[in-house]
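One file, query24.txt, is given below (compact mmCIF, C-alpha atoms).
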```
# COMPACT_ATOMS: atom_id res chain seq x y z
CA MET A 25 0.00 0.00 0.00
CA ASP A 26 1.31 3.44 -0.94
CA GLU A 27 2.45 5.59 1.97
CA LYS A 28 0.08 8.42 1.13
CA VAL A 29 -2.82 5.99 0.94
CA ILE A 30 -1.85 4.55 4.34
CA ILE A 31 -1.72 8.04 5.84
CA LYS A 32 -5.09 8.97 4.37
CA LYS A 33 -6.72 5.75 5.52
CA ILE A 34 -5.34 6.06 9.05
CA GLN A 35 -6.58 9.64 9.13
CA GLN A 36 -10.02 8.27 8.20
CA GLY A 37 -9.75 5.80 11.09
CA SER A 38 -8.81 2.61 9.26
CA ARG A 39 -7.49 -0.04 11.65
CA GLU A 40 -6.30 -2.12 8.70
CA ALA A 41 -4.03 0.69 7.50
CA LEU A 42 -2.65 1.05 11.00
CA GLY A 43 -1.96 -2.68 10.92
CA VAL A 44 0.03 -2.24 7.72
CA LEU A 45 2.03 0.51 9.38
CA TRP A 46 2.62 -1.76 12.36
CA LYS A 47 3.92 -4.56 10.17
CA SER A 48 6.30 -2.32 8.28
CA HIS A 49 7.60 -0.09 11.07
CA SER A 50 7.01 -1.60 14.51
CA THR A 51 10.35 -3.43 14.61
CA ASN A 52 12.28 -0.30 13.69
CA VAL A 53 10.44 1.77 16.28
CA LEU A 54 10.96 -0.90 18.93
CA ASN A 55 14.70 -1.17 18.26
CA LEU A 56 15.17 2.57 18.31
CA ALA A 57 13.36 2.76 21.64
CA PHE A 58 15.39 -0.19 22.93
CA ARG A 59 18.66 1.53 21.92
CA MET A 60 17.62 4.67 23.74
CA LEU A 61 16.08 3.19 26.89
CA LYS A 62 18.19 0.03 27.14
CA ASN A 63 15.16 -1.74 28.54
CA ARG A 64 13.06 -4.22 26.62
CA ASP A 65 9.85 -3.72 28.59
CA GLU A 66 9.99 0.05 28.41
CA ALA A 67 10.80 -0.10 24.70
CA GLU A 68 7.73 -2.28 24.20
CA ASP A 69 5.63 0.25 26.16
CA VAL A 70 6.93 3.05 23.98
CA LEU A 71 6.12 1.08 20.85
CA MET A 72 2.54 0.54 21.97
CA ASP A 73 2.13 4.13 23.15
CA ILE A 74 3.38 5.40 19.81
CA PHE A 75 0.95 3.28 17.82
CA VAL A 76 -1.97 4.13 20.09
CA SER A 77 -1.20 7.81 19.57
CA VAL A 78 -0.73 7.52 15.79
CA PRO A 79 -4.45 7.80 14.79
CA GLY A 80 -4.73 11.03 16.77
CA LYS A 81 -1.42 12.55 15.83
CA ILE A 82 -1.50 11.63 12.15
CA LYS A 83 -4.39 14.06 11.65
CA LYS A 84 -1.85 16.87 12.02
CA PHE A 85 0.73 15.12 9.84
CA ARG A 86 1.04 17.08 6.62
CA GLY A 87 3.16 14.50 4.83
CA ASP A 88 6.17 16.80 4.48
CA SER A 89 8.48 14.02 5.65
CA ALA A 90 8.47 10.27 5.16
CA LEU A 91 6.27 8.23 7.45
CA ASN A 92 9.23 6.41 9.03
CA THR A 93 10.96 9.75 9.75
CA TRP A 94 7.79 10.97 11.46
CA LEU A 95 7.51 7.76 13.49
CA TYR A 96 11.17 7.98 14.51
CA ARG A 97 10.64 11.56 15.64
CA LEU A 98 7.67 10.50 17.77
CA THR A 99 9.75 7.67 19.21
CA VAL A 100 12.78 9.83 20.02
CA ASN A 101 10.57 12.44 21.69
CA GLU A 102 8.68 9.82 23.69
CA CYS A 103 11.90 8.16 24.86
CA LEU A 104 13.52 11.48 25.81
CA MET A 105 10.38 12.44 27.73
CA ARG A 106 10.49 9.17 29.64
CA LEU A 107 14.18 9.51 30.37
CA ARG A 108 13.72 13.05 31.60
CA SER A 109 10.76 12.16 33.77
CA LYS A 110 12.70 9.35 35.39
CA LYS A 111 15.76 11.51 35.77
CA ARG A 112 17.73 8.60 34.48
CA HIS A 113 19.46 10.69 31.92
CA THR A 114 22.80 10.51 33.71
CA GLU A 115 24.74 9.43 30.74
CA LEU A 116 27.60 11.25 29.14
CA GLU A 117 26.49 14.77 28.29
CA GLU A 118 27.00 16.30 24.92
CA GLU A 119 29.33 18.89 26.43
CA HIS A 120 31.64 16.12 27.49
CA ILE A 121 31.57 14.58 24.07
CA ASP A 122 32.54 17.96 22.67
CA LEU A 123 35.86 17.59 24.46
CA VAL A 124 36.78 14.84 22.08
CA THR A 125 38.74 16.61 19.41
CA ASP A 126 37.83 16.31 15.79
CA SER A 127 41.51 15.66 15.03
CA ALA A 128 41.02 12.13 16.29
CA LEU A 129 38.35 11.48 13.68
CA GLY A 130 39.25 8.84 11.20
CA SER A 131 42.71 8.28 12.66
CA LYS A 132 41.94 4.73 13.63
CA HIS A 133 40.05 2.66 11.11
CA GLU A 134 40.34 -0.69 12.78
CA GLU A 135 38.43 -3.64 11.41
CA GLN A 136 35.29 -4.39 13.39
CA THR A 137 34.57 -7.84 12.07
CA ASP A 138 35.23 -9.56 15.40
CA LEU A 139 33.51 -6.91 17.44
CA ASP A 140 32.15 -8.13 20.76
CA PRO A 141 28.45 -7.10 20.86
CA GLU A 142 28.53 -6.68 24.63
CA LEU A 143 31.56 -4.43 24.41
CA LEU A 144 29.80 -2.39 21.72
CA GLU A 145 26.76 -2.09 24.00
CA ILE A 146 28.98 -0.74 26.75
CA GLY A 147 30.68 1.60 24.31
CA LEU A 148 27.30 2.88 23.13
CA SER A 149 26.19 3.44 26.71
CA LYS A 150 28.95 6.07 26.96
CA LEU A 151 26.80 8.21 24.68
CA SER A 152 23.68 10.11 25.61
CA ALA A 153 20.42 8.41 24.65
CA GLU A 154 19.80 10.99 21.96
CA THR A 155 23.24 10.63 20.35
CA ARG A 156 23.03 6.86 20.65
CA SER A 157 19.72 6.84 18.82
CA MET A 158 21.16 9.17 16.20
CA LEU A 159 24.07 6.81 15.61
CA TRP A 160 21.73 3.83 15.49
CA LEU A 161 19.45 5.46 12.93
CA LYS A 162 22.41 6.48 10.77
CA ASP A 163 24.57 3.37 10.91
CA ALA A 164 22.04 0.61 11.56
CA GLU A 165 18.90 1.93 9.88
CA ASP A 166 20.76 3.78 7.10
CA LEU A 167 18.88 7.03 7.46
CA GLY A 168 20.28 10.09 5.73
CA ILE A 169 21.60 13.21 7.42
CA LYS A 170 18.61 15.15 6.10
CA ASP A 171 16.19 12.72 7.76
CA LEU A 172 18.11 12.93 11.03
CA SER A 173 18.01 16.69 10.79
CA GLU A 174 14.21 16.50 10.57
CA ILE A 175 13.89 13.96 13.36
CA TYR A 176 16.08 15.83 15.84
CA ASN A 177 15.21 19.28 14.55
CA MET A 178 18.89 20.21 14.28
CA PRO A 179 21.00 21.62 11.44
CA GLU A 180 22.67 18.99 9.27
CA GLY A 181 26.12 20.26 10.33
CA THR A 182 25.32 19.63 13.98
CA ILE A 183 24.12 16.13 13.18
CA LYS A 184 27.31 15.35 11.25
CA ALA A 185 29.51 16.70 14.05
CA ARG A 186 27.63 14.74 16.69
CA LEU A 187 27.83 11.54 14.69
CA SER A 188 31.57 11.96 14.13
CA ARG A 189 32.18 12.60 17.81
CA ALA A 190 29.97 9.71 18.83
CA ARG A 191 31.80 7.33 16.52
CA THR A 192 35.10 8.51 17.93
CA VAL A 193 33.95 7.94 21.50
CA VAL A 194 32.74 4.43 20.70
CA LYS A 195 35.77 3.50 18.63
CA ASN A 196 38.20 4.83 21.22
CA PHE A 197 36.43 2.84 23.90
CA LEU A 198 36.52 -0.31 21.80
CA GLN A 199 40.18 0.25 20.91
CA GLU A 200 41.19 0.70 24.55
CA ASN A 201 39.30 -2.37 25.69
CA LEU A 202 40.47 -4.54 22.84
CA ASN A 203 44.05 -3.56 23.63
CA TYR A 204 43.61 -4.49 27.28
CA ALA A 205 41.78 -7.72 26.51
CA MET B 198 31.20 4.46 4.55
CA HIS B 199 34.16 2.91 6.31
CA ASP B 200 33.70 5.12 9.37
CA LYS B 201 30.40 3.48 10.31
CA ILE B 202 29.86 1.55 13.50
CA ASP B 203 28.99 -2.05 12.71
CA PHE B 204 25.70 -2.78 14.46
CA SER B 205 25.04 -6.01 12.58
CA ARG B 206 26.04 -8.21 15.51
CA LEU B 207 23.86 -6.39 17.98
CA GLU B 208 20.59 -8.02 18.95
CA ARG B 209 17.64 -6.84 16.87
CA ILE B 210 14.45 -7.40 18.83
CA GLU B 211 10.96 -8.07 17.50
CA PRO B 212 7.67 -6.86 19.02
CA ARG B 213 6.21 -9.40 21.44
CA LYS B 214 3.28 -11.54 20.44
CA GLY B 215 0.12 -9.81 21.51
CA SER B 216 1.52 -6.29 21.32
CA TRP B 217 -0.61 -5.44 18.31
CA GLU B 218 -3.69 -6.87 20.02
CA THR B 219 -2.91 -4.71 23.06
CA VAL B 220 -2.66 -1.65 20.81
CA CYS B 221 -6.04 -2.51 19.26
CA ALA B 222 -7.62 -3.04 22.67
CA ARG B 223 -6.31 0.30 23.89
CA LEU B 224 -7.59 2.03 20.78
CA ASP B 225 -11.02 0.41 21.23
CA SER B 226 -11.05 1.46 24.84
CA SER B 227 -10.14 5.06 24.01
CA GLU B 228 -12.84 5.15 21.31
CA LYS B 229 -15.39 3.90 23.85
CA ASN B 230 -14.24 6.55 26.29
CA LYS B 231 -14.54 9.18 23.58
CA PHE B 232 -18.12 8.02 22.87
CA ILE B 233 -18.99 8.07 26.58
CA ASN B 234 -17.45 11.53 26.92
CA PHE B 235 -19.44 12.64 23.88
CA ILE B 236 -22.68 11.34 25.40
CA GLN B 237 -21.83 12.87 28.77
CA THR B 238 -21.11 16.20 27.14
CA ARG B 239 -24.38 16.01 25.18
CA THR B 240 -26.27 15.14 28.37
CA LYS B 241 -24.68 18.09 30.13
CA TYR B 242 -25.69 20.41 27.29
CA ALA B 243 -29.24 19.02 27.29
CA LEU B 244 -29.53 19.48 31.06
CA ALA B 245 -28.11 22.99 30.84
CA ALA B 246 -30.58 23.83 28.05
CA SER B 247 -33.49 22.41 30.09
CA PHE B 248 -32.49 24.46 33.13
CA THR B 249 -32.19 27.55 30.99
CA VAL B 250 -35.66 27.01 29.49
CA ILE B 251 -37.15 26.39 32.93
CA ALA B 252 -35.43 29.48 34.30
CA PHE B 253 -36.71 31.60 31.41
CA TRP B 254 -40.23 30.17 31.80
CA THR B 255 -40.26 30.81 35.53
CA THR B 256 -38.99 34.36 35.04
CA PHE B 257 -41.53 34.99 32.27
CA MET B 258 -44.40 33.66 34.36
CA THR B 259 -43.37 35.70 37.38
CA VAL B 260 -43.18 38.85 35.29
CA MET B 261 -46.58 38.12 33.75
CA LEU B 262 -48.23 37.58 37.13
CA ASN B 263 -46.70 40.76 38.49
CA THR B 264 -47.95 42.64 35.45
CA ASN B 265 -51.49 41.32 36.01
CA ASP B 266 -51.37 42.36 39.69
CA SER B 267 -50.29 45.85 38.77
CA GLU B 268 -53.13 46.09 36.22
CA ASP B 269 -55.63 45.12 38.95
CA ILE B 270 -54.29 47.83 41.18
CA LEU B 271 -54.52 50.36 38.40
CA ILE B 272 -58.13 49.44 37.73
CA LYS B 273 -58.89 49.77 41.40
CA ASN B 274 -57.12 53.05 41.45
CA VAL B 275 -59.05 54.23 38.45
CA ALA B 276 -62.30 52.95 39.97
CA SER B 277 -61.44 54.58 43.24
CA ASP B 278 -60.71 57.91 41.54
CA GLU B 279 -63.93 57.72 39.60
CA LEU B 280 -65.87 56.92 42.70
CA ALA B 281 -64.21 59.70 44.59
CA SER B 282 -64.85 62.08 41.78
CA TRP B 283 -68.48 61.02 41.55
CA TYR B 284 -68.92 61.46 45.28
CA ASP B 285 -67.26 64.84 45.18
CA ASN B 286 -69.51 66.01 42.43
CA LEU B 287 -72.72 64.86 44.01
CA GLY B 288 -75.11 67.79 44.59
CA GLU B 289 -73.06 70.17 42.55
CA GLN B 290 -74.56 69.39 39.19
CA SER B 291 -76.92 71.80 37.45
CA ASP B 292 -79.60 69.15 36.79
CA ASP B 293 -80.29 68.72 40.50
CA GLU B 294 -84.14 69.01 40.79
CA LEU B 295 -83.99 70.62 44.21
CA GLU B 296 -82.16 73.55 42.76
CA ASN B 297 -84.84 74.16 40.17
CA LEU B 298 -87.66 74.45 42.73
CA ASP B 299 -88.52 77.97 43.77
CA THR B 300 -88.74 78.89 47.45
CA TYR B 301 -92.56 78.81 47.64
CA THR B 302 -92.93 75.39 46.17
CA SER B 303 -90.22 74.14 48.42
CA ILE B 304 -91.93 75.44 51.56
CA SER B 305 -95.28 73.93 50.43
CA TYR B 306 -93.57 70.64 49.84
CA LEU B 307 -92.00 70.68 53.28
CA LEU B 308 -95.35 71.58 54.94
CA GLN B 309 -97.06 68.70 53.17
CA GLU B 310 -94.34 66.39 54.35
CA THR B 311 -94.58 67.50 57.96
CA LYS B 312 -98.34 66.97 58.08
```

Hey, can you dump this file as structure tokens for me?
Amino acid sequence: MDEKVIIKKIQQGSREALGVLWKSHSTNVLNLAFRMLKNRDEAEDVLMDIFVSVPGKIKKFRGDSALNTWLYRLTVNECLMRLRSKKRHTELEEEHIDLVTDSALGSKHEEQTDLDPELLEIGLSKLSAETRSMLWLKDAEDLGIKDLSEIYNMPEGTIKARLSRARTVVKNFLQENLNYA
Amino acid sequence: MHDKIDFSRLERIEPRKGSWETVCARLDSSEKNKFINFIQTRTKYALAASFTVIAFWTTFMTVMLNTNDSEDILIKNVASDELASWYDNLGEQSDDELENLDTYTSISYLLQETK
């Protein structure tokens, strides 16, 4: 079903169209929420909350962006709201990430074929939830910088800088731990 | 892009079985609540309208009754004035027969009456 048709049908209250949206996007939404919250149950709650809110919120959706971009934006906002309300947002702040100099970017292009998933999880946890989700959407979901700019409502330059810094933080962490292993 | 982080070995989770059903149930529930709220709102409006009509009717009736009372009083007042006027004018009108009798006739009449 065409995206515009899905949007129109959901706006008219079609449960079937919402089901199509669920089938095509629920896994992506769930994984994004899981990356941000690091909790399966909460991620599942977010997924359900998002889809329950879709019929109401889609009435204001003008179709300027792709449906998945819109859903990701809802998900990121919902997750950030939950993190803020729980005051659990004690992860590395963006200011701290800014200390990582851009000169380090691209200096170490180690192969990641034997990357330990658990170590990567720990490395990712060094990032803020927002930056982690940004990195996930870019490198795992293959979203473009323009889409990320829409989702996070930030200039493309800021997105690029954050992604570069985030990659450096993760890679440095992995490098250090692989060396000590 | 060689700079990318390789997420391919990270766990990719799937929505639990029953999640979609839960979403549907929550949507149904919210639609029911919306309907109930709609009915409640309508009922409130209907009640408010009824009270307004009753209030207007009561006010209208009260005003009407008061108007009738005041009309009665006015009639009485008019009647009272007329009566007062009539009483005041008694004996002062030119068609009074006693006034037309001359003195002689009047004395004769009185003598006849005293006999």

Write out, as a tab-separated table, each residue of chain A that has an atom at most 10 Å from chain B, together with the closest pair of atoms and their distance in Å to one decimal, counting all atoms listed in the file, rows going by chain and rising number.
```
residue	atom	partner	partner_atom	distance
A:Arg39	CA	B:Cys221	CA	8.1
A:Leu42	CA	B:Cys221	CA	9.6
A:Gly43	CA	B:Trp217	CA	8.0
A:Trp46	CA	B:Trp217	CA	7.7
A:Lys47	CA	B:Trp217	CA	9.4
A:Ser50	CA	B:Pro212	CA	7.0
A:Thr51	CA	B:Glu211	CA	5.5
A:Asn52	CA	B:Glu211	CA	8.8
A:Val53	CA	B:Pro212	CA	9.5
A:Leu54	CA	B:Pro212	CA	6.8
A:Asn55	CA	B:Ile210	CA	6.3
A:Leu56	CA	B:Arg209	CA	9.8
A:Phe58	CA	B:Ile210	CA	8.3
A:Arg59	CA	B:Arg209	CA	9.8
A:Arg64	CA	B:Ile210	CA	8.5
A:Asp65	CA	B:Arg213	CA	9.8
A:Ala67	CA	B:Pro212	CA	9.4
A:Glu68	CA	B:Pro212	CA	6.9
A:Asp69	CA	B:Ser216	CA	9.1
A:Leu71	CA	B:Pro212	CA	8.3
A:Met72	CA	B:Val220	CA	5.8
A:Asp73	CA	B:Val220	CA	7.9
A:Ile74	CA	B:Val220	CA	9.3
A:Phe75	CA	B:Val220	CA	6.8
A:Val76	CA	B:Val220	CA	5.9
A:Ser77	CA	B:Leu224	CA	8.7
A:Pro79	CA	B:Leu224	CA	8.9
A:Leu129	CA	B:Asp200	CA	9.0
A:Gly130	CA	B:Asp200	CA	6.9
A:Lys132	CA	B:Asp200	CA	9.3
A:His133	CA	B:Asp200	CA	7.0
A:Glu134	CA	B:Asp200	CA	9.5
A:Glu135	CA	B:His199	CA	9.3
A:Gln136	CA	B:Asp203	CA	6.8
A:Thr137	CA	B:Asp203	CA	8.1
A:Asp138	CA	B:Arg206	CA	9.3
A:Leu139	CA	B:Arg206	CA	7.8
A:Asp140	CA	B:Arg206	CA	8.1
A:Pro141	CA	B:Leu207	CA	5.5
A:Glu142	CA	B:Leu207	CA	8.1
A:Leu144	CA	B:Leu207	CA	8.1
A:Glu145	CA	B:Leu207	CA	7.9
A:Leu159	CA	B:Ile202	CA	8.1
A:Trp160	CA	B:Phe204	CA	7.8
A:Lys162	CA	B:Lys201	CA	8.5
A:Asp163	CA	B:Lys201	CA	5.9
A:Ala164	CA	B:Phe204	CA	5.8
A:Glu165	CA	B:Phe204	CA	9.5
A:Leu187	CA	B:Lys201	CA	9.5
A:Ser188	CA	B:Asp200	CA	8.6
A:Ala190	CA	B:Ile202	CA	9.7
A:Arg191	CA	B:Ile202	CA	6.8
A:Thr192	CA	B:Asp200	CA	9.3
A:Val194	CA	B:Ile202	CA	8.3
A:Lys195	CA	B:Ile202	CA	8.1
```

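For the pair CA of Ile31 in chain A and CA of Leu91 in chain A, the separation is 8.2 Å.
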
- Query: So what do you get for CA of Asp171 in chain A versus CA of Arg97 in chain A, distance-wise?
  - Reply: 9.7 Å

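Straight-line separation from CA of Met178 in chain A to CA of Lys84 in chain A: 21.1 Å.
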